[in-house]
>>> print(open('work.tsv').read())   # TSV, N, CA and C atoms and all ligand atoms
chain	number	residue	atom	x	y	z
F	1	MET	N	-23.62	-12.77	4.23
F	1	MET	CA	-24.56	-13.87	4.34
F	1	MET	C	-25.82	-13.38	5.06
F	2	LEU	N	-26.97	-13.83	4.59
F	2	LEU	CA	-28.22	-13.44	5.22
F	2	LEU	C	-28.64	-14.52	6.22
F	3	ALA	N	-28.74	-14.15	7.48
F	3	ALA	CA	-29.17	-15.08	8.52
F	3	ALA	C	-30.63	-14.78	8.86
F	4	ASN	N	-31.48	-15.76	8.63
F	4	ASN	CA	-32.92	-15.59	8.87
F	4	ASN	C	-33.32	-16.26	10.17
F	5	TYR	N	-34.04	-15.50	10.98
F	5	TYR	CA	-34.52	-16.03	12.26
F	5	TYR	C	-36.02	-15.81	12.33
F	6	GLY	N	-36.77	-16.84	12.65
F	6	GLY	CA	-38.20	-16.67	12.80
F	6	GLY	C	-38.97	-17.90	12.39
F	7	TYR	N	-40.17	-17.67	11.86
F	7	TYR	CA	-41.07	-18.78	11.58
F	7	TYR	C	-42.23	-18.28	10.74
F	8	LYS	N	-43.00	-19.20	10.23
F	8	LYS	CA	-44.24	-18.85	9.57
F	8	LYS	C	-45.38	-19.62	10.22
F	9	ASP	N	-46.54	-19.00	10.24
F	9	ASP	CA	-47.72	-19.71	10.72
F	9	ASP	C	-48.89	-19.32	9.82
F	10	GLY	N	-50.10	-19.66	10.23
F	10	GLY	CA	-51.26	-19.42	9.38
F	10	GLY	C	-51.51	-17.95	9.10
F	11	SER	N	-50.95	-17.08	9.91
F	11	SER	CA	-51.22	-15.66	9.73
F	11	SER	C	-50.13	-14.93	8.96
F	12	GLY	N	-49.01	-15.60	8.71
F	12	GLY	CA	-47.97	-14.93	7.94
F	12	GLY	C	-46.57	-15.40	8.24
F	13	ASP	N	-45.60	-14.71	7.65
F	13	ASP	CA	-44.18	-14.99	7.85
F	13	ASP	C	-43.60	-13.96	8.81
F	14	TYR	N	-42.87	-14.45	9.79
F	14	TYR	CA	-42.31	-13.55	10.80
F	14	TYR	C	-40.82	-13.84	10.96
F	15	PHE	N	-40.08	-13.18	10.09
F	15	PHE	CA	-38.63	-13.40	10.08
F	15	PHE	C	-37.89	-12.07	10.24
F	16	ILE	N	-36.83	-12.12	11.03
F	16	ILE	CA	-35.86	-11.04	11.06
F	16	ILE	C	-34.62	-11.55	10.36
F	17	THR	N	-34.14	-10.76	9.41
F	17	THR	CA	-32.94	-11.12	8.67
F	17	THR	C	-31.80	-10.19	9.07
F	18	ILE	N	-30.67	-10.79	9.38
F	18	ILE	CA	-29.46	-10.03	9.68
F	18	ILE	C	-28.43	-10.30	8.59
F	19	ASP	N	-28.03	-9.24	7.92
F	19	ASP	CA	-27.00	-9.36	6.89
F	19	ASP	C	-25.65	-9.35	7.60
F	20	THR	N	-25.07	-10.53	7.74
F	20	THR	CA	-23.84	-10.65	8.53
F	20	THR	C	-22.63	-10.04	7.83
F	21	ASP	N	-22.75	-9.76	6.54
F	21	ASP	CA	-21.67	-9.06	5.85
F	21	ASP	C	-21.64	-7.59	6.23
F	22	LYS	N	-22.81	-7.07	6.61
F	22	LYS	CA	-22.89	-5.66	7.02
F	22	LYS	C	-22.70	-5.49	8.53
F	23	CYS	N	-23.12	-6.47	9.29
F	23	CYS	CA	-23.09	-6.36	10.76
F	23	CYS	C	-21.65	-6.35	11.26
F	24	ASP	N	-21.36	-5.38	12.13
F	24	ASP	CA	-20.02	-5.31	12.72
F	24	ASP	C	-20.03	-5.65	14.22
F	25	GLY	N	-21.19	-6.13	14.69
F	25	GLY	CA	-21.26	-6.54	16.09
F	25	GLY	C	-21.27	-5.40	17.08
F	26	CYS	N	-21.68	-4.22	16.65
F	26	CYS	CA	-21.60	-3.03	17.51
F	26	CYS	C	-22.51	-3.11	18.73
F	27	GLY	N	-23.62	-3.85	18.61
F	27	GLY	CA	-24.52	-4.02	19.75
F	27	GLY	C	-25.59	-2.96	19.90
F	28	GLU	N	-25.65	-2.02	18.97
F	28	GLU	CA	-26.66	-0.96	19.09
F	28	GLU	C	-28.08	-1.51	19.04
F	29	CYS	N	-28.29	-2.57	18.29
F	29	CYS	CA	-29.63	-3.18	18.21
F	29	CYS	C	-30.01	-3.81	19.54
F	30	VAL	N	-29.04	-4.36	20.23
F	30	VAL	CA	-29.30	-4.97	21.53
F	30	VAL	C	-29.82	-3.91	22.50
F	31	THR	N	-29.18	-2.76	22.48
F	31	THR	CA	-29.57	-1.66	23.36
F	31	THR	C	-30.91	-1.07	22.96
F	32	ALA	N	-31.15	-0.98	21.66
F	32	ALA	CA	-32.35	-0.29	21.17
F	32	ALA	C	-33.63	-1.10	21.31
F	33	CYS	N	-33.53	-2.40	21.28
F	33	CYS	CA	-34.74	-3.24	21.27
F	33	CYS	C	-35.33	-3.36	22.68
F	34	PRO	N	-36.59	-2.95	22.84
F	34	PRO	CA	-37.20	-3.02	24.16
F	34	PRO	C	-37.57	-4.44	24.59
F	35	ALA	N	-37.51	-5.39	23.67
F	35	ALA	CA	-37.92	-6.76	23.97
F	35	ALA	C	-36.74	-7.73	24.06
F	36	GLN	N	-35.55	-7.21	24.06
F	36	GLN	CA	-34.35	-8.06	24.15
F	36	GLN	C	-34.33	-9.17	23.09
F	37	VAL	N	-34.71	-8.79	21.89
F	37	VAL	CA	-34.73	-9.76	20.80
F	37	VAL	C	-33.31	-10.13	20.34
F	38	PHE	N	-32.39	-9.18	20.42
F	38	PHE	CA	-31.05	-9.40	19.86
F	38	PHE	C	-30.02	-9.71	20.94
F	39	ALA	N	-28.98	-10.37	20.50
F	39	ALA	CA	-27.79	-10.57	21.31
F	39	ALA	C	-26.60	-10.49	20.35
F	40	VAL	N	-25.43	-10.25	20.90
F	40	VAL	CA	-24.22	-10.27	20.08
F	40	VAL	C	-23.42	-11.50	20.46
F	41	ALA	N	-23.18	-12.34	19.46
F	41	ALA	CA	-22.41	-13.55	19.69
F	41	ALA	C	-20.94	-13.29	19.34
F	42	ASP	N	-20.06	-13.90	20.10
F	42	ASP	CA	-18.63	-13.71	19.84
F	42	ASP	C	-18.21	-14.30	18.50
F	43	GLU	N	-18.89	-15.36	18.11
F	43	GLU	CA	-18.63	-15.97	16.81
F	43	GLU	C	-19.96	-16.28	16.14
F	44	ASP	N	-19.98	-16.23	14.84
F	44	ASP	CA	-21.22	-16.44	14.09
F	44	ASP	C	-21.63	-17.91	14.15
F	45	PRO	N	-22.80	-18.20	14.75
F	45	PRO	CA	-23.23	-19.60	14.83
F	45	PRO	C	-23.57	-20.20	13.47
F	46	ASN	N	-23.78	-19.34	12.48
F	46	ASN	CA	-24.14	-19.81	11.14
F	46	ASN	C	-22.95	-19.88	10.19
F	47	ASP	N	-21.80	-19.41	10.65
F	47	ASP	CA	-20.65	-19.35	9.76
F	47	ASP	C	-19.37	-19.65	10.54
F	48	PRO	N	-18.95	-20.90	10.55
F	48	PRO	CA	-17.78	-21.29	11.33
F	48	PRO	C	-16.51	-20.58	10.91
F	49	MET	N	-16.49	-20.01	9.70
F	49	MET	CA	-15.29	-19.35	9.22
F	49	MET	C	-15.16	-17.92	9.76
F	50	ARG	N	-16.24	-17.42	10.31
F	50	ARG	CA	-16.21	-16.05	10.82
F	50	ARG	C	-15.87	-16.05	12.31
F	51	GLU	N	-14.97	-15.20	12.70
F	51	GLU	CA	-14.56	-15.16	14.10
F	51	GLU	C	-14.86	-13.83	14.76
F	52	ASP	N	-15.50	-12.93	14.02
F	52	ASP	CA	-15.83	-11.61	14.57
F	52	ASP	C	-17.22	-11.65	15.21
F	53	PRO	N	-17.45	-10.75	16.18
F	53	PRO	CA	-18.79	-10.67	16.80
F	53	PRO	C	-19.87	-10.34	15.77
F	54	VAL	N	-21.05	-10.85	16.01
F	54	VAL	CA	-22.16	-10.61	15.08
F	54	VAL	C	-23.48	-10.67	15.86
F	55	ALA	N	-24.44	-9.89	15.41
F	55	ALA	CA	-25.76	-9.91	16.04
F	55	ALA	C	-26.51	-11.18	15.66
F	56	VAL	N	-27.24	-11.71	16.62
F	56	VAL	CA	-28.11	-12.86	16.39
F	56	VAL	C	-29.44	-12.56	17.08
F	57	VAL	N	-30.49	-13.30	16.71
F	57	VAL	CA	-31.74	-13.24	17.44
F	57	VAL	C	-31.66	-14.28	18.56
F	58	ALA	N	-31.97	-13.85	19.76
F	58	ALA	CA	-31.85	-14.73	20.92
F	58	ALA	C	-32.73	-15.98	20.74
F	59	ASP	N	-32.21	-17.11	21.15
F	59	ASP	CA	-32.91	-18.39	20.96
F	59	ASP	C	-34.33	-18.35	21.49
F	60	GLU	N	-34.52	-17.78	22.66
F	60	GLU	CA	-35.83	-17.81	23.29
F	60	GLU	C	-36.84	-16.89	22.62
F	61	LYS	N	-36.37	-16.07	21.66
F	61	LYS	CA	-37.27	-15.14	20.96
F	61	LYS	C	-37.66	-15.61	19.56
F	62	LYS	N	-36.93	-16.56	19.04
F	62	LYS	CA	-37.10	-16.93	17.63
F	62	LYS	C	-38.51	-17.36	17.28
F	63	LYS	N	-39.18	-18.03	18.18
F	63	LYS	CA	-40.53	-18.54	17.90
F	63	LYS	C	-41.63	-17.62	18.39
F	64	LYS	N	-41.25	-16.40	18.81
F	64	LYS	CA	-42.24	-15.48	19.37
F	64	LYS	C	-42.14	-14.09	18.76
F	65	LEU	N	-41.52	-13.98	17.61
F	65	LEU	CA	-41.23	-12.65	17.08
F	65	LEU	C	-42.48	-11.83	16.81
F	66	LYS	N	-43.53	-12.48	16.33
F	66	LYS	CA	-44.77	-11.75	16.04
F	66	LYS	C	-45.24	-11.02	17.30
F	67	TYR	N	-45.13	-11.68	18.41
F	67	TYR	CA	-45.63	-11.12	19.67
F	67	TYR	C	-44.62	-10.16	20.30
F	68	GLU	N	-43.35	-10.52	20.23
F	68	GLU	CA	-42.32	-9.67	20.81
F	68	GLU	C	-42.26	-8.32	20.11
F	69	CYS	N	-42.43	-8.33	18.79
F	69	CYS	CA	-42.31	-7.10	18.01
F	69	CYS	C	-43.62	-6.33	17.92
F	70	ASN	N	-44.69	-6.90	18.40
F	70	ASN	CA	-46.00	-6.27	18.24
F	70	ASN	C	-46.06	-4.83	18.78
F	71	PRO	N	-45.43	-4.53	19.93
F	71	PRO	CA	-45.49	-3.15	20.42
F	71	PRO	C	-44.84	-2.14	19.47
F	72	CYS	N	-43.90	-2.58	18.65
F	72	CYS	CA	-43.25	-1.67	17.69
F	72	CYS	C	-44.03	-1.57	16.39
F	73	LYS	N	-45.04	-2.41	16.22
F	73	LYS	CA	-45.80	-2.48	14.98
F	73	LYS	C	-47.28	-2.39	15.31
F	74	PRO	N	-48.19	-2.20	14.38
F	74	PRO	CA	-47.86	-2.04	12.96
F	74	PRO	C	-47.27	-0.68	12.68
F	75	SER	N	-46.36	-0.68	11.77
F	75	SER	CA	-45.74	0.56	11.33
F	75	SER	C	-45.74	0.55	9.81
F	76	SER	N	-46.21	1.62	9.23
F	76	SER	CA	-46.22	1.69	7.76
F	76	SER	C	-44.82	1.98	7.23
F	77	ASN	N	-43.94	2.44	8.11
F	77	ASN	CA	-42.59	2.78	7.69
F	77	ASN	C	-41.60	1.99	8.53
F	78	ARG	N	-41.05	0.92	7.97
F	78	ARG	CA	-40.18	0.04	8.75
F	78	ARG	C	-38.91	0.74	9.22
F	79	ALA	N	-38.58	1.86	8.60
F	79	ALA	CA	-37.37	2.57	9.01
F	79	ALA	C	-37.50	3.11	10.43
F	80	VAL	N	-38.71	3.23	10.93
F	80	VAL	CA	-38.87	3.78	12.28
F	80	VAL	C	-38.78	2.70	13.35
F	81	LEU	N	-38.71	1.45	12.99
F	81	LEU	CA	-38.55	0.42	14.00
F	81	LEU	C	-37.24	0.69	14.76
F	82	PRO	N	-37.27	0.62	16.08
F	82	PRO	CA	-36.08	0.96	16.85
F	82	PRO	C	-34.83	0.18	16.44
F	83	CYS	N	-34.99	-1.08	16.14
F	83	CYS	CA	-33.82	-1.89	15.76
F	83	CYS	C	-33.26	-1.44	14.42
F	84	VAL	N	-34.15	-1.21	13.47
F	84	VAL	CA	-33.72	-0.79	12.13
F	84	VAL	C	-33.07	0.59	12.20
F	85	LYS	N	-33.68	1.46	12.98
F	85	LYS	CA	-33.16	2.82	13.11
F	85	LYS	C	-31.78	2.82	13.79
F	86	ALA	N	-31.60	1.92	14.73
F	86	ALA	CA	-30.34	1.90	15.50
F	86	ALA	C	-29.17	1.36	14.69
F	87	CYS	N	-29.47	0.57	13.68
F	87	CYS	CA	-28.39	-0.09	12.94
F	87	CYS	C	-27.89	0.80	11.81
F	88	GLU	N	-26.77	1.42	12.03
F	88	GLU	CA	-26.21	2.33	11.02
F	88	GLU	C	-25.69	1.56	9.80
F	89	SER	N	-25.49	0.28	9.97
F	89	SER	CA	-25.00	-0.54	8.85
F	89	SER	C	-26.13	-1.08	7.99
F	90	ALA	N	-27.38	-0.79	8.39
F	90	ALA	CA	-28.56	-1.27	7.65
F	90	ALA	C	-28.52	-2.78	7.47
F	91	ALA	N	-28.18	-3.48	8.54
F	91	ALA	CA	-28.04	-4.93	8.47
F	91	ALA	C	-29.32	-5.68	8.84
F	92	ILE	N	-30.31	-4.96	9.38
F	92	ILE	CA	-31.51	-5.62	9.90
F	92	ILE	C	-32.70	-5.36	9.00
F	93	SER	N	-33.43	-6.43	8.68
F	93	SER	CA	-34.70	-6.26	7.97
F	93	SER	C	-35.72	-7.23	8.54
F	94	HIS	N	-36.99	-6.86	8.37
F	94	HIS	CA	-38.10	-7.67	8.85
F	94	HIS	C	-38.96	-8.10	7.67
F	95	SER	N	-39.53	-9.28	7.75
F	95	SER	CA	-40.33	-9.79	6.63
F	95	SER	C	-41.76	-9.29	6.70
F	96	TRP	N	-42.17	-8.71	7.83
F	96	TRP	CA	-43.57	-8.28	7.93
F	96	TRP	C	-43.68	-6.89	8.46
P	101	LIG	S1	-26.87	-2.60	15.19
P	101	LIG	FE1	-26.56	-3.54	13.17
P	101	LIG	S2	-24.31	-3.63	12.95
P	101	LIG	FE2	-24.73	-3.31	15.13
P	101	LIG	S3	-24.81	-5.41	16.05
P	101	LIG	FE3	-26.92	-4.84	15.48
P	101	LIG	S4	-27.20	-5.70	13.40
P	101	LIG	FE4	-25.00	-5.62	13.80
P	102	LIG	S1	-39.34	-4.36	16.01
P	102	LIG	FE1	-39.04	-3.68	18.13
P	102	LIG	S2	-39.24	-5.54	19.41
P	102	LIG	FE2	-38.93	-6.19	17.27
P	102	LIG	S3	-36.73	-6.52	17.10
P	102	LIG	FE3	-37.13	-4.41	16.41
P	102	LIG	S4	-36.87	-3.13	18.26
P	102	LIG	FE4	-37.07	-5.27	18.94
>>> encode(input="work.tsv", output="structure tokens")
Amino acid sequence: MLANYGYKDGSGDYFITIDTDKCDGCGECVTACPAQVFAVADEDPNDPMREDPVAVVADEKKKKLKYECNPCKPSSNRAVLPCVKACESAAISHSW
């Protein structure tokens, strides 16, 4: 399942998508992100049937992603983003 976190405004769409089928809750993204954007939840808040840990975007970051991620961007190659690079399961993608 694709879990989308973020928002859109007049300047664009700012969403981080976590593919929860790929995410194993390892927490590497939590460690890698300098802005503490990620957290690992014990249970998936978007899927009551799932009981395994999964990465989520922290509540207090959801409406500020453009600004929180700005130090990592602009990047012409999204693979170099620390969060994307840290995730060996390739579960993280960004819309911008
Ligand atoms: S690094 Fe990838 S697999 Fe590990 S918790 Fe983060 S999103 Fe999930
Ligand atoms: S782009 Fe940078 S600040 Fe944004 S989630 Fe990834 S590691 Fe964190």
>>> residues_around(input="work.tsv", residues="stretch 26-34 of chain F", least_positions_apart="2", cutoff="6 Å", atoms="only N, CA and C atoms", output="MDAnalysis selection string")
chainID F and resid 23:24 36:39 82:83 86:87
>>> closest_residue(input="work.tsv", among="F:Val80, F:Met1, F:Ala90, F:Ala41", to="F:Val57", atoms="all atoms listed in the file")
F:Ala41
>>> atom_distance(input="work.tsv", atom1="atom N of F:Asp21", atom2="atom FE3 of ligand LIG 102 (chain P)")
18.2 Å
>>> closest_residue(input="work.tsv", among="F:Ala55, F:His94, F:Asn70, F:Leu65", to="F:Tyr7", atoms="only N, CA and C atoms")
F:Leu65
>>> atom_distance(input="work.tsv", atom1="atom N of F:Arg50", atom2="atom C of F:Thr20")
10.1 Å
>>> select_by_dssp(input="work.tsv", residues="stretch 16-79 of chain F", states="alpha helix (DSSP H)", output="list in words")
Glu28, Cys29, Val30, Thr31, Ala32, Leu65, Lys66, Tyr67 and Glu68 of chain F
>>> write_last_selection(input="work.tsv", atoms="N, CA and C atoms", output="compact mmCIF listing (two decimals), keeping the file's coordinate frame")
# COMPACT_ATOMS: atom_id res chain seq x y z
N GLU F 28 -25.65 -2.02 18.97
CA GLU F 28 -26.66 -0.96 19.09
C GLU F 28 -28.08 -1.51 19.04
N CYS F 29 -28.29 -2.57 18.29
CA CYS F 29 -29.63 -3.18 18.21
C CYS F 29 -30.01 -3.81 19.54
N VAL F 30 -29.04 -4.36 20.23
CA VAL F 30 -29.30 -4.97 21.53
C VAL F 30 -29.82 -3.91 22.50
N THR F 31 -29.18 -2.76 22.48
CA THR F 31 -29.57 -1.66 23.36
C THR F 31 -30.91 -1.07 22.96
N ALA F 32 -31.15 -0.98 21.66
CA ALA F 32 -32.35 -0.29 21.17
C ALA F 32 -33.63 -1.10 21.31
N LEU F 65 -41.52 -13.98 17.61
CA LEU F 65 -41.23 -12.65 17.08
C LEU F 65 -42.48 -11.83 16.81
N LYS F 66 -43.53 -12.48 16.33
CA LYS F 66 -44.77 -11.75 16.04
C LYS F 66 -45.24 -11.02 17.30
N TYR F 67 -45.13 -11.68 18.41
CA TYR F 67 -45.63 -11.12 19.67
C TYR F 67 -44.62 -10.16 20.30
N GLU F 68 -43.35 -10.52 20.23
CA GLU F 68 -42.32 -9.67 20.81
C GLU F 68 -42.26 -8.32 20.11
>>> select_by_dssp(input="work.tsv", residues="stretch 4-68 of chain F", states="strand (DSSP E)", output="NGL selection string")
:F and (4-9 or 12-19 or 38-41 or 54-57)
>>> atom_distance(input="work.tsv", atom1="atom C of F:Glu60", atom2="atom C of F:Ala35")
9.3 Å
>>> closest_residue(input="work.tsv", among="F:Ser89, F:Lys73, F:Ser95, F:Lys63", to="ligand LIG 102 (chain P)", atoms="all atoms listed in the file")
F:Lys73
>>> residues_around(input="work.tsv", residues="F:Glu43", least_positions_apart="5", cutoff="6.5 Å", atoms="only N, CA and C atoms", output="list of chain:residue names")
F:Arg50, F:Glu51, F:Asp52, F:Pro53, F:Val54
